[in-house]
Amino acid sequence: VQLQASGGGLVQAGGSLRLSCAASIRTFSNYIMAWFRQTPGKEREFVAAIARTGGSTYYADSVKGRFSISRDNAKNTVYLQMNELKPEDTAAYYCAADWSLYLGGSHSSDNRYDYWGQGTQVTVSS
């Protein structure tokens, strides 16, 4: 299983970016998908997760109302639309996959996830 994240870059505060994560998983629709982020010296932080069908989502309070997670199971891809970006959103963003039936609160823990992508850097300038 491979997860390939892309779409990061440098953006000014208030701007937008859309991250993509392409998965080489035969049964992509069987996986809960999520995004995490990490800055040097800090623990990995949960950002958002999405249920297998995309019908349910879960966000960290810090991004709620600004970020939106979605998925296209036909394309084996999960997205993170990031709007109203702030300098504190600067981090390496990682996508992750967990073989689970249902999305729950425990999906904010990185211990739940079986597979991880390589990360894409997002830098927000003030």
# chains A, B, ... in the order shown; residues from 1 in each chain; ligands from 1
$ residues_around --residues "stretch 84-99 of chain A" --least-positions-apart "2" --cutoff "8 Å" --atoms "only C-alpha atoms" --output "PyMOL selection string"
chain A and resi 3+5+12-16+21+30-39+66+82+101+112-126
$ closest_residue --among "A:Ser56, A:Asn73, A:Asn83, A:Ser6" --to "A:Tyr102" --atoms "only C-alpha atoms"
A:Ser56
$ residues_around --residues "A:Asp61" --least-positions-apart "2" --cutoff "12 Å" --atoms "only C-alpha atoms" --output "MDAnalysis selection string"
chainID A and resid 45:48 58:59 63:67 108
$ select_by_dssp --residues "stretch 10-124 of chain A" --states "strand (DSSP E)" --output "NGL selection string"
:A and (10-12 or 17-23 or 31-38 or 45-50 or 57-59 or 67-72 or 77-82 or 91-99 or 115-116 or 120-124)
